[in-house]
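Chemist: So that we are looking at the same thing, I have put the structure below in structure tokens.
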Amino acid sequence: MLKLIHKYFIEQKKVIFLALFLSILLITCAKRSQPTGGEKDEQPPVLLKAIPAEETTNFKADEITLTFDEFIKLKDLNKQLIISPPLKNKPLITPVGTASKKLQISILDTLKENTTYVFNFGQSVMDNNEENIYPNFKYVFSTGDIIDSLKINGKVKDAFKKEPEEYITVMLYPYDEQFTDSTIYKQQPTYVANTLDSIAWEITNIKVGKYKLIAIKDKANNFIFKPLSDQIGFIKEPVELPASQSFTLNMFKEEAMFTVIRPFEVAKNHIQIGYLGNSDNVEITALNQPDDFKSYISKEQDKDTLNYFYTGAISDSLQLKISKAQITDTVMVKLRKKELDSLKFSSSVSRFLTPNDTLKIIGNTPLTNIDTSGIKLMDKDTLPVKFKATISKDNRWISIDFDKKYNQNYKLTVMPNAITNFMQEANDTLQYKFSVKSPEDYGKLSVNFKGVKKYPIIIQLLNEKDKITAQQTGREEVTHKFIFIEPGKYWLRIIFDENNNGKWDTGSYLHQRQPEKVQYIKISKTIKANWEISETYILSRE
């Protein structure tokens, strides 16, 4: 009997254990969890097949089919695709704007004989989902028996600015008896490449030979140099391939020949004349002027525009002869305006006047006369301050020179009729408030330069916005001291002034003249108030 009872309890335990096990299993299976979805695809597309095959020789097809291992799309194809040598008629590439595993290229041009062609897609080919880029994907073929394999590379830099523009086209022209200085203005190159969004370039699949190496910012996208719109860089001597070194191309905008653009009347007695080139020493003569006629010429700041102001009885038109050196142009300007320019003024100072700077009152028309009895300069205690007022040589502003006191507030008041312009207009009441801070509010910089092979050099101190805050000329190896510097980060721009004219000069392709060298130096330490930094730099002429 006891054995039967014991056996019964064992069977019951088994049933309870089995029920408990099944309950746990059901609960576990009922739990929800997020699907992982697998790892993110970070692999670029792979070219599976090309018809005709890659690096085909004796190429005769007019259709190319490229098949990839996944759906791909094209991005910025017009910017990214570079075909070398260039084709007169751009190929038709499909599909564009939709995803596909196949890329179809229809050649719409006659190919040159015995020539290696490179279709460089840059960074335009990517997979459809994750946009993993197939970097610098190329399709290469030859219409001759061999695939040319030489290459040349280098970088571009801006001859004057810190950084060059993007998408610079680099070109090779065969340097033979057919090449002349005018070739790049009329003919497309034999080989091309593009920097895209970097400063580096490389031309591949080139034949052995001598070449002229040119780079342009090709605004028209036609591989032809247009001086009025395009920057250019060039290597003066022909490049012979194969070559082991890389090449740096300095990009610059040529100075155009002086050319007058249509003048127009801005206001009564005020004509503006647009121009190209350099306006120094331009002469403007009115051919139909009356006896009481007077005129004045000024250049618009930071614009290629001349302002021509005049007085005298002129009826409905004014004929002007505009001359510079051997260039003369005659223009007729219709006169319809009835109102003179409103005389306006601004100050060179907004809040603070730097102790070594000068307060300027700037006019929008030529200033000709000052009555200093109508100008008052007061300090914060309303005490009068002695000053000297002088009209600038170009009649654009009036400088107010006075003995500045540190930590002082000033107020300049110009009473009506104290300033008169060329048209005998006078000012209304003007008032400007400003302060002069303490020298302790500014930083100082002392710099020495080593390795200067030829003087003079122009030393410009630039702020973070590339604005010139101070400038000096170096004519020998001395310490250059910059004082009263606003706290902040700065650069130095060094101009190697080859012709000693006090400014940077651009280059000329026709004269095979490179622009004057420029070097940028980042001042590693931040300029701080009441702090002086001393630095020594070795200048490079590369």
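Note on naming: chains are A, B, ... as they come in the structure tokens, residues start from 1 per chain, ligands start from 1 in the order shown.
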Can you tell me which residues surround Ile459 (chain A) at a distance of at most 7 Å, considering only C-alpha atoms, apart from same-chain residues fewer than 3 positions away, and format the answer as a list in words?

Modeler: Gln471, Gln472, Thr473, Leu492, Arg493, Ile494 and Ile495 of chain A

Chemist: Please produce a file of those selected residues containing N, CA and C atoms, as a compact mmCIF listing (two decimals), in the first residue's frame.

Modeler:
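out15.txt, freshly written:
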```txt
# COMPACT_ATOMS: atom_id res chain seq x y z
N GLN A 471 49.12 97.03 -42.41
CA GLN A 471 50.03 96.69 -43.51
C GLN A 471 51.35 97.43 -43.34
N GLN A 472 52.44 96.73 -43.63
CA GLN A 472 53.77 97.33 -43.62
C GLN A 472 54.55 96.82 -44.83
N THR A 473 55.59 97.57 -45.18
CA THR A 473 56.49 97.16 -46.25
C THR A 473 57.85 96.84 -45.66
N LEU A 492 48.93 86.26 -41.56
CA LEU A 492 49.82 87.18 -42.28
C LEU A 492 49.80 86.81 -43.75
N ARG A 493 49.67 87.81 -44.59
CA ARG A 493 49.80 87.60 -46.04
C ARG A 493 51.04 88.35 -46.51
N ILE A 494 51.98 87.61 -47.07
CA ILE A 494 53.24 88.19 -47.55
C ILE A 494 53.20 88.24 -49.07
N ILE A 495 53.36 89.44 -49.63
CA ILE A 495 53.41 89.62 -51.08
C ILE A 495 54.84 89.94 -51.47
```

Chemist: Give me the residues within 12 Å of region 261-266 of chain A as a PyMOL selection string, counting only C-alpha atoms and dropping any in the same chain fewer than 5 places off.

Modeler: chain A and resi 271-277+284+304-310+316-322+329-342

Chemist: Just want the 12 Å neighbourhood of Lys88 (chain A), counted on only C-alpha atoms, with same-chain residues fewer than 6 positions away dropped. Output as a PyMOL selection string.

Modeler: chain A and resi 107-112+187-190+221-223

Chemist: Selection from above, N, CA and C atoms, as a compact mmCIF listing (two decimals), in the first residue's frame, can you write it?

Modeler:
```txt
# COMPACT_ATOMS: atom_id res chain seq x y z
N ILE A 107 27.52 56.97 -77.56
CA ILE A 107 28.52 57.91 -78.06
C ILE A 107 27.98 58.59 -79.31
N LEU A 108 27.90 59.91 -79.28
CA LEU A 108 27.29 60.69 -80.36
C LEU A 108 28.34 61.46 -81.15
N ASP A 109 29.58 61.06 -81.07
CA ASP A 109 30.68 61.78 -81.72
C ASP A 109 31.56 60.78 -82.46
N THR A 110 32.35 61.30 -83.40
CA THR A 110 33.34 60.48 -84.09
C THR A 110 34.61 60.44 -83.27
N LEU A 111 35.07 59.25 -82.94
CA LEU A 111 36.25 59.11 -82.09
C LEU A 111 37.53 59.24 -82.92
N LYS A 112 38.57 59.79 -82.28
CA LYS A 112 39.87 59.92 -82.95
C LYS A 112 40.54 58.56 -83.09
N GLN A 187 41.08 76.10 -79.41
CA GLN A 187 40.98 74.66 -79.56
C GLN A 187 40.85 73.96 -78.20
N GLN A 188 40.14 72.85 -78.22
CA GLN A 188 40.05 72.03 -77.02
C GLN A 188 41.33 71.23 -76.84
N PRO A 189 41.66 70.87 -75.59
CA PRO A 189 42.90 70.13 -75.32
C PRO A 189 42.77 68.66 -75.73
N THR A 190 43.90 67.97 -75.68
CA THR A 190 43.91 66.53 -75.98
C THR A 190 43.54 65.72 -74.75
N ASN A 221 32.32 75.83 -69.50
CA ASN A 221 32.35 74.37 -69.57
C ASN A 221 32.56 73.87 -71.00
N ASN A 222 33.49 74.52 -71.71
CA ASN A 222 33.74 74.13 -73.10
C ASN A 222 35.23 73.88 -73.40
N PHE A 223 36.07 73.88 -72.35
CA PHE A 223 37.51 73.61 -72.47
C PHE A 223 38.24 74.63 -73.34
```

Chemist: As an exercise, work out the distance from CA of Phe119 (chain A) to CA of Tyr211 (chain A) in Å and give it to one decimal place.

Modeler: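 CA of Tyr211 (chain A) lies at a distance of 21.0 Å from CA of Phe119 (chain A).
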
Chemist: Could you give me the residues within region 143-183 of chain A that DSSP places in strand (DSSP E or B), as a list in words?

Modeler: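 Taking region 143-183 of chain A and keeping strand (DSSP E or B) gives Leu150, Lys151, Ile152, Asn153, Gly154, Lys155, Val156, Lys157, Asp158, Thr169, Val170, Met171, Leu172, Tyr173 and Pro174 of chain A.
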
Chemist: Which residues are near region 433-435 of chain A? Cut-off 8 Å, only C-alpha atoms, ignore same chain within fewer than 6 positions. Put them as a list in words.

Modeler: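 Non-adjacent residues within range: Val349, Ser350, Arg351, Phe352, Leu353, Asn407, Gln408, Asn409, Tyr410, Lys411 and Leu412 of chain A.
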
Chemist: Generate the output file for the selected residues, N, CA and C atoms, as a short mmCIF file (atom, residue, chain, number, x, y, z; two decimals), in the first residue's frame.

Modeler:
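The result, stored in again27.cif:
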```
data_model
loop_
_atom_site.label_atom_id
_atom_site.label_comp_id
_atom_site.auth_asym_id
_atom_site.auth_seq_id
_atom_site.Cartn_x
_atom_site.Cartn_y
_atom_site.Cartn_z
N VAL A 349 34.20 105.21 -38.19
CA VAL A 349 34.20 104.62 -36.85
C VAL A 349 32.76 104.37 -36.42
N SER A 350 32.49 103.16 -35.91
CA SER A 350 31.15 102.86 -35.40
C SER A 350 31.07 103.14 -33.90
N ARG A 351 31.97 102.53 -33.12
CA ARG A 351 31.96 102.74 -31.66
C ARG A 351 33.32 103.17 -31.13
N PHE A 352 34.37 102.48 -31.56
CA PHE A 352 35.70 102.71 -31.00
C PHE A 352 36.67 103.17 -32.09
N LEU A 353 37.45 104.18 -31.77
CA LEU A 353 38.52 104.65 -32.64
C LEU A 353 39.84 104.11 -32.11
N ASN A 407 40.86 105.89 -22.85
CA ASN A 407 39.66 105.75 -22.00
C ASN A 407 38.84 107.03 -21.99
N GLN A 408 38.66 107.60 -23.17
CA GLN A 408 37.95 108.86 -23.29
C GLN A 408 36.82 108.71 -24.31
N ASN A 409 35.70 109.39 -24.05
CA ASN A 409 34.56 109.44 -24.96
C ASN A 409 34.55 110.78 -25.68
N TYR A 410 34.17 110.75 -26.96
CA TYR A 410 34.16 111.97 -27.77
C TYR A 410 32.84 112.10 -28.52
N LYS A 411 32.52 113.35 -28.86
CA LYS A 411 31.37 113.63 -29.71
C LYS A 411 31.77 114.69 -30.74
N LEU A 412 31.59 114.33 -32.03
CA LEU A 412 31.90 115.25 -33.13
C LEU A 412 30.58 115.76 -33.69
#
```

Chemist: Which residues are near region 41-43 of chain A? Cut-off 10 Å, only C-alpha atoms, ignore same chain within fewer than 3 positions. Put them as a VMD selection string.

Modeler: chain A and resid 38 46 126 to 127 129 to 134

Chemist: Could you dump the residues just selected with N, CA and C atoms as an mmCIF file, in the first residue's frame?

Modeler:
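Generated file (result22.cif):
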```cif
data_model
loop_
_atom_site.group_PDB
_atom_site.id
_atom_site.type_symbol
_atom_site.label_atom_id
_atom_site.label_comp_id
_atom_site.auth_asym_id
_atom_site.auth_seq_id
_atom_site.Cartn_x
_atom_site.Cartn_y
_atom_site.Cartn_z
ATOM 1 N N GLY A 38 19.828 43.376 -39.842
ATOM 2 C CA GLY A 38 21.148 43.148 -40.408
ATOM 3 C C GLY A 38 22.036 44.370 -40.316
ATOM 4 N N VAL A 46 29.667 47.362 -57.252
ATOM 5 C CA VAL A 46 30.744 46.648 -57.946
ATOM 6 C C VAL A 46 30.344 46.483 -59.403
ATOM 7 N N MET A 126 26.836 55.877 -57.286
ATOM 8 C CA MET A 126 26.627 55.422 -55.899
ATOM 9 C C MET A 126 25.455 54.459 -55.859
ATOM 10 N N ASP A 127 25.413 53.651 -54.780
ATOM 11 C CA ASP A 127 24.274 52.739 -54.676
ATOM 12 C C ASP A 127 23.019 53.510 -54.299
ATOM 13 N N ASN A 129 20.426 52.929 -52.196
ATOM 14 C CA ASN A 129 19.874 53.009 -50.846
ATOM 15 C C ASN A 129 20.738 53.821 -49.884
ATOM 16 N N GLU A 130 21.990 53.404 -49.709
ATOM 17 C CA GLU A 130 22.862 54.042 -48.717
ATOM 18 C C GLU A 130 23.745 55.134 -49.314
ATOM 19 N N GLU A 131 23.722 55.292 -50.636
ATOM 20 C CA GLU A 131 24.550 56.277 -51.351
ATOM 21 C C GLU A 131 26.040 56.067 -51.091
ATOM 22 N N ASN A 132 26.458 54.808 -51.042
ATOM 23 C CA ASN A 132 27.889 54.496 -50.972
ATOM 24 C C ASN A 132 28.500 54.782 -52.340
ATOM 25 N N ILE A 133 29.512 55.630 -52.368
ATOM 26 C CA ILE A 133 30.079 56.113 -53.630
ATOM 27 C C ILE A 133 31.099 55.121 -54.193
ATOM 28 N N TYR A 134 31.026 54.915 -55.505
ATOM 29 C CA TYR A 134 32.064 54.190 -56.231
ATOM 30 C C TYR A 134 33.104 55.252 -56.628
#
```

Chemist: Skip Asn120 (chain A) itself and residues of its chain fewer than 5 positions away, then list as a PyMOL selection string all residues within 6 Å of it, counting only C-alpha atoms.

Modeler: chain A and resi 81-82+137-138

Chemist: Please dump the current selection as a PDB file, in the first residue's frame; keep C-alpha atoms.

Modeler:
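Contents of the output file again_12.pdb:
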```pdb
ATOM      1  CA  LEU A  81      31.881  63.301 -65.484  1.00  0.00           C
ATOM      2  CA  ILE A  82      35.147  64.154 -67.246  1.00  0.00           C
ATOM      3  CA  PHE A 137      34.969  55.091 -61.385  1.00  0.00           C
ATOM      4  CA  LYS A 138      36.552  55.015 -64.842  1.00  0.00           C
TER       5      LYS A 138
END
```

Chemist: So which residues touch Phe160 (chain A) within 12 Å, counting only C-alpha atoms, skipping near sequence neighbours fewer than 4 positions away, as a list in words?

Modeler: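 Once the adjacent positions are removed, what remains is Pro164, Glu165, Gln231, Asn250, Met251, Phe252, Lys253, Asp466, Arg493, Ile494, Ile495, Phe496, Lys503, Trp504, Asp505, Thr506, Gly507, Gln514, Pro515, Glu516, Lys517, Val518, Gln519 and Tyr520 of chain A.
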
Chemist: Interatomic distance between CA of Thr56 (chain A) and CA of Ser142 (chain A)?

Modeler: 6.2 Å

Chemist: Taking the backbone alone, and naming residues the way the document does, which bits of region 142-372 of chain A are helix (DSSP H, G or I) by DSSP, as a PyMOL selection string?

Modeler: chain A and resi 183-186+372

Chemist: Could you please determine the separation between CA of Ile168 (chain A) and CA of Gly144 (chain A) in Å, to one decimal place?

Modeler: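 These atoms are spaced 29.6 Å apart.
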
Chemist: Calculated over only C-alpha atoms, which of the candidates A:Asn501, A:Thr248, A:Arg513, A:Phe484 has the smallest distance to Ile527 (chain A)?

Modeler: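 The answer is A:Phe484, which sits nearest to Ile527 (chain A).
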
Chemist: Can you work out which one of A:Leu92, A:Pro416, A:Tyr139, A:Phe179 has the shortest atom-to-atom distance to Glu55 (chain A), counting only C-alpha atoms?

Modeler: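 Among the listed residues, the smallest separation from Glu55 (chain A) belongs to A:Tyr139.
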
Chemist: Which of these, A:Gly312, A:Asp158, A:Ser106, A:Tyr537, has the shortest distance to Ala61 (chain A) once you count only C-alpha atoms?

Modeler: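 For Ala61 (chain A), the nearest of the given residues is A:Ser106.
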